[in-house]
Structure formats: structure tokens, C-alpha cells
Amino acid sequence: MKFGPCDDFHLEVRRRADHYFSDTGRRPRGCPAMYAKTVVVLAWFFASYCLLVFAVATWWLAIPLAVSLGLSMAAIGFNIQHDAAHNAYSDRGWVNRLLAMSLDLLGGSSFAWARKHNSIHHSFANITGHDDDIDMGWLGRLSPHQRRFAFHRLQHFYIWFLYGFVAIKWHVFDDFRDLIKGRIGGHTFARPRGWNLATFVGGKMLFFSLALLLPSLFHPVWAVLVFYVLVSYVQGMTLSLVFQLAHCVEDASFPMPLEGTGRIEASWAVHQVETTVDFGRGNRALSWFAGGLNFQIEHHLFPNVCHVHYPALAPLVERTCDELGIRYFAHKTYWAALASHYRWLRQMGTALDSGNETATQSATTQSHS
């Protein structure tokens with residue numbers, strides 16, 4: 001898969017970002033605000049876990065603590081793990097590698113994530129058959145180029161329920177399948193060895209020990225299983241309802257390679273902008289909790305820059321796009337993005353295969369700011 005030649009946009013937007021850092025004296029990574037957030041998020045996680053496992057004994061206290069724990073786990077993923085996995089947390093490589101393994105603490109695999117998200121998704125965003133993040137198999141249709149089944153006409157109702165099982169699916173199935181097959185979607189990768197394999201196995205053992213074994217020493221097994229599902233469901237739903245709103249909405253494009261050449265017509269940087277949508281940029285609480293992932297365009301253009309800078313970089317990117325005639329779109333609120341995702345699911349569930357081209361053109365040609 002190749003993209004169009006490098007153009008003025010990528011060079012100009014990087015030049016303006018460099019000027020922002022030189023003019024303000026701020027560092028792209030190693031930010032005090034990120035360190036402070038890390039302390040708060042980890043304290044939230046450990047407090048929720050300890051209170052849930054060791055302190056409360058009534059369901060009416062345990063349920064809100066389980067929700068709190070699930071949200072704190074999502075916050076670790078959005079903020080600490082995500083930045084570290086992109087080498088955006090620190091200038092020191094060992095710090096990034098260590099904190100990226102926080103995903104193993106959450107039950108996922110930092111090794112598999114680096115291949116699935118960093119290498120595949122960021123390289124081939126919204127390209128059907130390449131971007132595994134938009135592939136739900138037969139359960140859902142997120143791209144106009146995917147096969148449609150009759151029951152997809154109901155996906156804008158049932159798919160919300162399935163989103164909650166994303167984390168559990170990672171814990172017990174996806175990571176094992178991918179590493180055994182050495183394949184994620186249509187992409188192969190070298191299976192882990194040595195330290196990477198030890199991290200995978202040790203991470204899974206640590207997670208299931210904390211999630212199931214240790215709590216079962218203090219609570220009935222059935223209660224432990226129920227609350228494992230509840231915590232993981234909250235985590236999975238939260239992750240899904242942030243990541244899906246950046247790419248699977250009406251104003252994101254879903255381009256396909258040109259026949260004969262196998263090349264995407266747009267350059268890589270323009271492709272990132274046109275397949276991605278920001279949302280809720282003025283909501284500081286959302287930006288804090290979601291690790292700046294509501295500034296998804298900026299994240300795709302500057303994945304190795306700490307997310308605390310995204311609110312300042314967004315106007316620079318949007319202005320550059322406007323000057324060069326590149327479509328840049330941002331939903332004003334989180335709820336507007338959620339509604340757009342609902343409409344996109346409904347459209348993909350009812351559109352016939354012959355409407356693929358129309359659906360793609362509709363998503364690509366809308367121009368907003």
C-alpha cells in the first residue's frame with residue numbers, strides 16, 4: 001500500500017508545529033502536566049480496585065466502585081498507555097516502554113497493540129481490508145466497502161451492546177489468536193520472543209490474578225465473575241465510544257486503492273485528515289479523560305507528541321487545511337459525534353452494495369469547519 005507523493009501540507013503543518021514549540025519553549029514530550037495526570041489516574045485506579053476488593057461488602061457500594069474501576073482503566077489506556085506506546089510520553093525510551101506495558105496490567109497485550117494500532121491503524125486508517133480497527137467481521141458493517149448482511153439493518157440498535165465486550169474479547173481471545181496466527185487482519189508480523197513473549201505471558205497472568213484469583217480469596221467466585229464482567233464491560237464501552245467517534249462517522253472518508261496501481265491517491269498526511277474527525281474540542285473534561293483522543297486528527301499527524309499539546313496544535317492544523325483547501329471536520333460536541341456514529345451505522349446497515357460508491361463520496365465531499 002502506497003500513498004500519493006508528499007505535498008506542501010505535511011511540510012507546512014510540521015513547520016508550524018515546530019514553531020509552536022520553539023516560540024512557547026514547551027517540550028513535545030516529558031510534560032509536567034502529563035506526569036501530574038499520571039499520578040491522578042493511577043491513584044484513581046488503585047483506590048477503586050482496593051476499595052472494591054478489600055473494603056466494601058454490599059452490592060450498592062460495589063456497583064459504583066466497579067463502574068469507577070472500569071472508567072479508571074479506560075483512562076489509563078487513553079492517557080498513559082496510549083502516549084507511551086507512541087513514544088509520546090517521554091524522551092526516554094525505557095520510560096515509554098515501561099508505561100506502554102500498563103496495557104498488560106489492563107488485560108491487553110502491549111506487544112499486539114503496537115502492531116495493531118501503531119503500525120497498521122495509523123498507516124492505513126479507514127482503508128478497508130487493511131485497517132483492522134474498522135473490521136468487526138460479520139457482526140457489523142462499518143465501511144461502505146464491506147459486505148452487507150440483512151441483519152446489519154439493525155446494527156444501529158444492537159451494536160452498542162456489543163461494544164461493551166471489546167475488553168473481554170481482548171483479554172481472552174484476540175491477543176491469543178493474533179499471536180498464535182502471527183497475523184492481524186491481512187497483515188503478518190513476527191511472533192514475540194524472549195522479553196516480548198515473557199511480557200505477554202506475565203502480563204496475562206498478572207491481570208487474571210488481579211481480576212479473578214485475588215478477589216476470589218475474599219468473595220464468592222460467582223460474585224468475582226459478575227464484577228469482572230461489569231468492570232470490563234464499562235471499560236470496553238468507554239473505549240469504544242471514544243475510538244469509534246473519530247473514524248466511523250459520516251464525515252470521515254473510506255478511500256480505496258486505485259485499480260491497477262494499488263495506490264491511495266492522497267498523500268499520507270492528507271489521508272489522515274480526511275479519514276479522521278475531531279469532536280468536543282472545547283470540552284476540557286472530555287479532553288482530560290480521553291487523553292486528547294477527541295483531537296484525533298492532531299494525534300494522527302503528530303503521534304509522537306504528548307496529547308496535552310493537541311488543543312494548541314488543532315488551530316494550527318485547521319488553519320493550514322483551510323489555506324490549502326483540505327477538508328477538516330470537527331463535531332462541536334461529543335453528543336454530535338455520537339449521533340453521527342449512530343447515523344453512520346444506520347446508513348451502513350441499510351445501504352446496498354451498489355451504494356458503496358455513493359456512500360463514500362457522500363462522506364468524502366462534505367466540507368465543514
# chains A, B, ... in the order shown; residues from 1 in each chain; ligands from 1
$ residues_around --residues "A:Tyr310" --least-positions-apart "6" --cutoff "10 Å" --atoms "only C-alpha atoms" --output "list in words"
Arg281, Ser287, Gly291, Gly292, Leu293, Asn294, Phe295, Gln296, Ile297, Glu298, His299, Phe302, Leu316 and Val317 of chain A
$ write_last_selection --atoms "C-alpha atoms" --output "PDB file, in the first residue's frame"
ATOM      1  CA  ARG A 281     -12.617  20.122  21.317  1.00  0.00           C
ATOM      2  CA  SER A 287     -10.083  16.107  26.635  1.00  0.00           C
ATOM      3  CA  GLY A 291      -6.203  11.681  26.656  1.00  0.00           C
ATOM      4  CA  GLY A 292      -6.779  14.167  23.859  1.00  0.00           C
ATOM      5  CA  LEU A 293      -8.201  11.470  21.586  1.00  0.00           C
ATOM      6  CA  ASN A 294     -11.054  13.805  20.726  1.00  0.00           C
ATOM      7  CA  PHE A 295      -8.280  15.649  18.835  1.00  0.00           C
ATOM      8  CA  GLN A 296      -7.798  12.592  16.666  1.00  0.00           C
ATOM      9  CA  ILE A 297      -6.647  14.481  13.561  1.00  0.00           C
ATOM     10  CA  GLU A 298      -3.804  16.046  15.507  1.00  0.00           C
ATOM     11  CA  HIS A 299      -2.947  12.692  17.037  1.00  0.00           C
ATOM     12  CA  PHE A 302       1.709  14.044  15.454  1.00  0.00           C
ATOM     13  CA  LEU A 316      -2.665  25.411  13.507  1.00  0.00           C
ATOM     14  CA  VAL A 317      -3.712  22.253  11.675  1.00  0.00           C
TER      15      VAL A 317
END
$ residues_around --residues "A:Glu274" --least-positions-apart "5" --cutoff "8 Å" --atoms "only C-alpha atoms" --output "MDAnalysis selection string"
chainID A and resid 252:253 326:328 364
$ write_last_selection --atoms "C-alpha atoms" --output "CSV table (one decimal), in the first residue's frame"
chain,number,residue,atom,x,y,z
A,252,ALA,CA,-14.8,10.5,7.6
A,253,SER,CA,-13.8,9.2,4.2
A,326,ILE,CA,-8.1,20.3,2.6
A,327,ARG,CA,-11.3,19.2,4.2
A,328,TYR,CA,-11.0,19.4,8.0
A,364,THR,CA,-15.7,12.5,1.4
$ closest_residue --among "A:Trp335, A:Lys169, A:Asp104, A:Val231" --to "A:Gly202" --atoms "only C-alpha atoms"
A:Asp104
$ closest_residue --among "A:Ala75, A:Ala339, A:Met256, A:Ala246" --to "A:Asp133" --atoms "only C-alpha atoms"
A:Ala246
$ closest_atom_pairs --of "stretch 10-61 of chain A" --to "stretch 82-90 of chain A" --cutoff "10 Å" --atoms "only C-alpha atoms" --output "JSON lines"
{"residue": "A:Arg27", "atom": "CA", "partner": "A:Ser90", "partner_atom": "CA", "distance": 9.8}
{"residue": "A:Pro28", "atom": "CA", "partner": "A:Ala88", "partner_atom": "CA", "distance": 7.6}
{"residue": "A:Arg29", "atom": "CA", "partner": "A:Ser90", "partner_atom": "CA", "distance": 5.0}
{"residue": "A:Gly30", "atom": "CA", "partner": "A:Ser90", "partner_atom": "CA", "distance": 4.5}
{"residue": "A:Cys31", "atom": "CA", "partner": "A:Tyr89", "partner_atom": "CA", "distance": 7.8}
{"residue": "A:Met34", "atom": "CA", "partner": "A:Tyr89", "partner_atom": "CA", "distance": 7.6}
{"residue": "A:Tyr35", "atom": "CA", "partner": "A:Tyr89", "partner_atom": "CA", "distance": 8.9}
$ write_last_selection --atoms "N, CA and C atoms" --output "PDB file, in the first residue's frame"
ATOM      1  N   ARG A  27       8.045  21.516  25.638  1.00  0.00           N
ATOM      2  CA  ARG A  27       8.646  20.296  25.109  1.00  0.00           C
ATOM      3  C   ARG A  27       7.565  19.388  24.538  1.00  0.00           C
ATOM      4  N   PRO A  28       7.827  18.759  23.382  1.00  0.00           N
ATOM      5  CA  PRO A  28       6.826  17.846  22.814  1.00  0.00           C
ATOM      6  C   PRO A  28       6.499  16.678  23.733  1.00  0.00           C
ATOM      7  N   ARG A  29       7.480  16.241  24.526  1.00  0.00           N
ATOM      8  CA  ARG A  29       7.311  15.111  25.446  1.00  0.00           C
ATOM      9  C   ARG A  29       7.926  15.472  26.792  1.00  0.00           C
ATOM     10  N   GLY A  30       7.691  14.625  27.780  1.00  0.00           N
ATOM     11  CA  GLY A  30       8.230  14.905  29.102  1.00  0.00           C
ATOM     12  C   GLY A  30       7.584  16.116  29.740  1.00  0.00           C
ATOM     13  N   CYS A  31       6.240  16.166  29.698  1.00  0.00           N
ATOM     14  CA  CYS A  31       5.491  17.339  30.158  1.00  0.00           C
ATOM     15  C   CYS A  31       5.061  17.176  31.620  1.00  0.00           C
ATOM     16  N   MET A  34       1.541  16.026  32.119  1.00  0.00           N
ATOM     17  CA  MET A  34       1.328  14.597  31.879  1.00  0.00           C
ATOM     18  C   MET A  34       1.729  13.782  33.091  1.00  0.00           C
ATOM     19  N   TYR A  35       2.812  14.178  33.751  1.00  0.00           N
ATOM     20  CA  TYR A  35       3.236  13.467  34.958  1.00  0.00           C
ATOM     21  C   TYR A  35       2.176  13.591  36.057  1.00  0.00           C
TER      22      TYR A  35
END
$ closest_residue --among "A:Leu105, A:Ala62, A:Val95, A:Leu286" --to "A:Leu42" --atoms "only C-alpha atoms"
A:Leu105
$ select_by_dssp --residues "stretch 68-285 of chain A" --states "alpha helix (DSSP H)" --output "PyMOL selection string"
chain A and resi 68-75+82-85+93-100+102-105+110-113+155-163+166-169+175-181+194-208+214-216+221-247+268-274+284-285
$ residues_around --residues "A:Gly203" --least-positions-apart "5" --cutoff "12 Å" --atoms "only C-alpha atoms" --output "number ranges by chain"
A: 100-111, 171, 175, 195-198, 208-211
$ residues_around --residues "A:Ile159" --least-positions-apart "6" --cutoff "9 Å" --atoms "only C-alpha atoms" --output "mmCIF file with N, CA and C atoms, in the first residue's frame"
data_model
loop_
_atom_site.group_PDB
_atom_site.id
_atom_site.type_symbol
_atom_site.label_atom_id
_atom_site.label_comp_id
_atom_site.auth_asym_id
_atom_site.auth_seq_id
_atom_site.Cartn_x
_atom_site.Cartn_y
_atom_site.Cartn_z
ATOM 1 N N LEU A 139 -20.238 -9.300 12.291
ATOM 2 C CA LEU A 139 -21.100 -8.722 13.325
ATOM 3 C C LEU A 139 -21.574 -7.315 12.982
ATOM 4 N N GLY A 140 -20.768 -6.566 12.246
ATOM 5 C CA GLY A 140 -21.137 -5.185 11.936
ATOM 6 C C GLY A 140 -20.497 -4.722 10.644
ATOM 7 N N LEU A 345 -23.893 4.089 11.322
ATOM 8 C CA LEU A 345 -24.250 2.687 11.493
ATOM 9 C C LEU A 345 -25.553 2.365 10.766
#
$ residues_around --residues "A:Met136" --least-positions-apart "2" --cutoff "12 Å" --atoms "only C-alpha atoms" --output "ChimeraX atom specification"
/A:128-129,131-134,138-143,146-148,152,155,159,162-163,166,169,185,244
$ write_last_selection --atoms "C-alpha atoms" --output "JSON list (two decimals), in the first residue's frame"
[["chain", "number", "residue", "atom", "x", "y", "z"],
["A", 128, "THR", "CA", -10.99, -1.50, 4.11],
["A", 129, "GLY", "CA", -9.04, -4.73, 4.16],
["A", 131, "ASP", "CA", -7.29, -1.18, 8.89],
["A", 132, "ASP", "CA", -8.31, -3.85, 11.39],
["A", 133, "ASP", "CA", -9.95, -1.24, 13.63],
["A", 134, "ILE", "CA", -12.90, -0.91, 11.24],
["A", 138, "TRP", "CA", -19.82, -10.34, 10.11],
["A", 139, "LEU", "CA", -21.10, -8.72, 13.33],
["A", 140, "GLY", "CA", -21.14, -5.19, 11.94],
["A", 141, "ARG", "CA", -20.59, -3.14, 8.80],
["A", 142, "LEU", "CA", -18.52, -0.02, 9.44],
["A", 143, "SER", "CA", -17.25, 0.64, 5.90],
["A", 146, "GLN", "CA", -17.57, -4.28, 3.45],
["A", 147, "ARG", "CA", -20.11, -6.99, 2.74],
["A", 148, "ARG", "CA", -23.61, -6.26, 3.98],
["A", 152, "HIS", "CA", -27.00, -5.25, 9.58],
["A", 155, "GLN", "CA", -26.85, -2.74, 13.76],
["A", 159, "ILE", "CA", -24.00, -2.86, 18.10],
["A", 162, "LEU", "CA", -21.55, -5.49, 21.63],
["A", 163, "TYR", "CA", -19.16, -2.59, 22.21],
["A", 166, "VAL", "CA", -14.44, -5.37, 23.44],
["A", 169, "LYS", "CA", -12.62, -10.18, 23.85],
["A", 185, "GLY", "CA", -6.27, -8.81, 9.74],
["A", 244, "GLN", "CA", -15.34, 4.88, 17.08]]
$ closest_atom_pairs --of "stretch 242-297 of chain A" --to "stretch 11-21 of chain A" --cutoff "12 Å" --atoms "only C-alpha atoms" --output "JSON lines"
{"residue": "A:Ser267", "atom": "CA", "partner": "A:Leu11", "partner_atom": "CA", "distance": 11.6}
{"residue": "A:Trp268", "atom": "CA", "partner": "A:Leu11", "partner_atom": "CA", "distance": 11.7}
{"residue": "A:Ala269", "atom": "CA", "partner": "A:Leu11", "partner_atom": "CA", "distance": 9.4}
{"residue": "A:Val270", "atom": "CA", "partner": "A:Val13", "partner_atom": "CA", "distance": 10.8}
{"residue": "A:Val273", "atom": "CA", "partner": "A:Val13", "partner_atom": "CA", "distance": 11.6}
$ write_last_selection --atoms "N, CA and C atoms" --output "CSV table (one decimal), in the first residue's frame"
chain,number,residue,atom,x,y,z
A,267,SER,N,-1.9,12.1,-0.4
A,267,SER,CA,-0.7,11.8,0.3
A,267,SER,C,-1.0,11.3,1.7
A,268,TRP,N,0.0,10.8,2.4
A,268,TRP,CA,-0.3,10.2,3.7
A,268,TRP,C,-0.9,11.2,4.7
A,269,ALA,N,-0.4,12.4,4.8
A,269,ALA,CA,-0.9,13.3,5.7
A,269,ALA,C,-2.3,13.8,5.4
A,270,VAL,N,-2.6,14.0,4.1
A,270,VAL,CA,-3.9,14.4,3.7
A,270,VAL,C,-4.9,13.3,4.0
A,273,VAL,N,-6.0,13.3,7.6
A,273,VAL,CA,-7.0,14.3,7.9
A,273,VAL,C,-8.4,14.0,7.4
$ atom_distance --atom1 "atom CA of A:Leu71" --atom2 "atom CA of A:Pro303"
23.4 Å
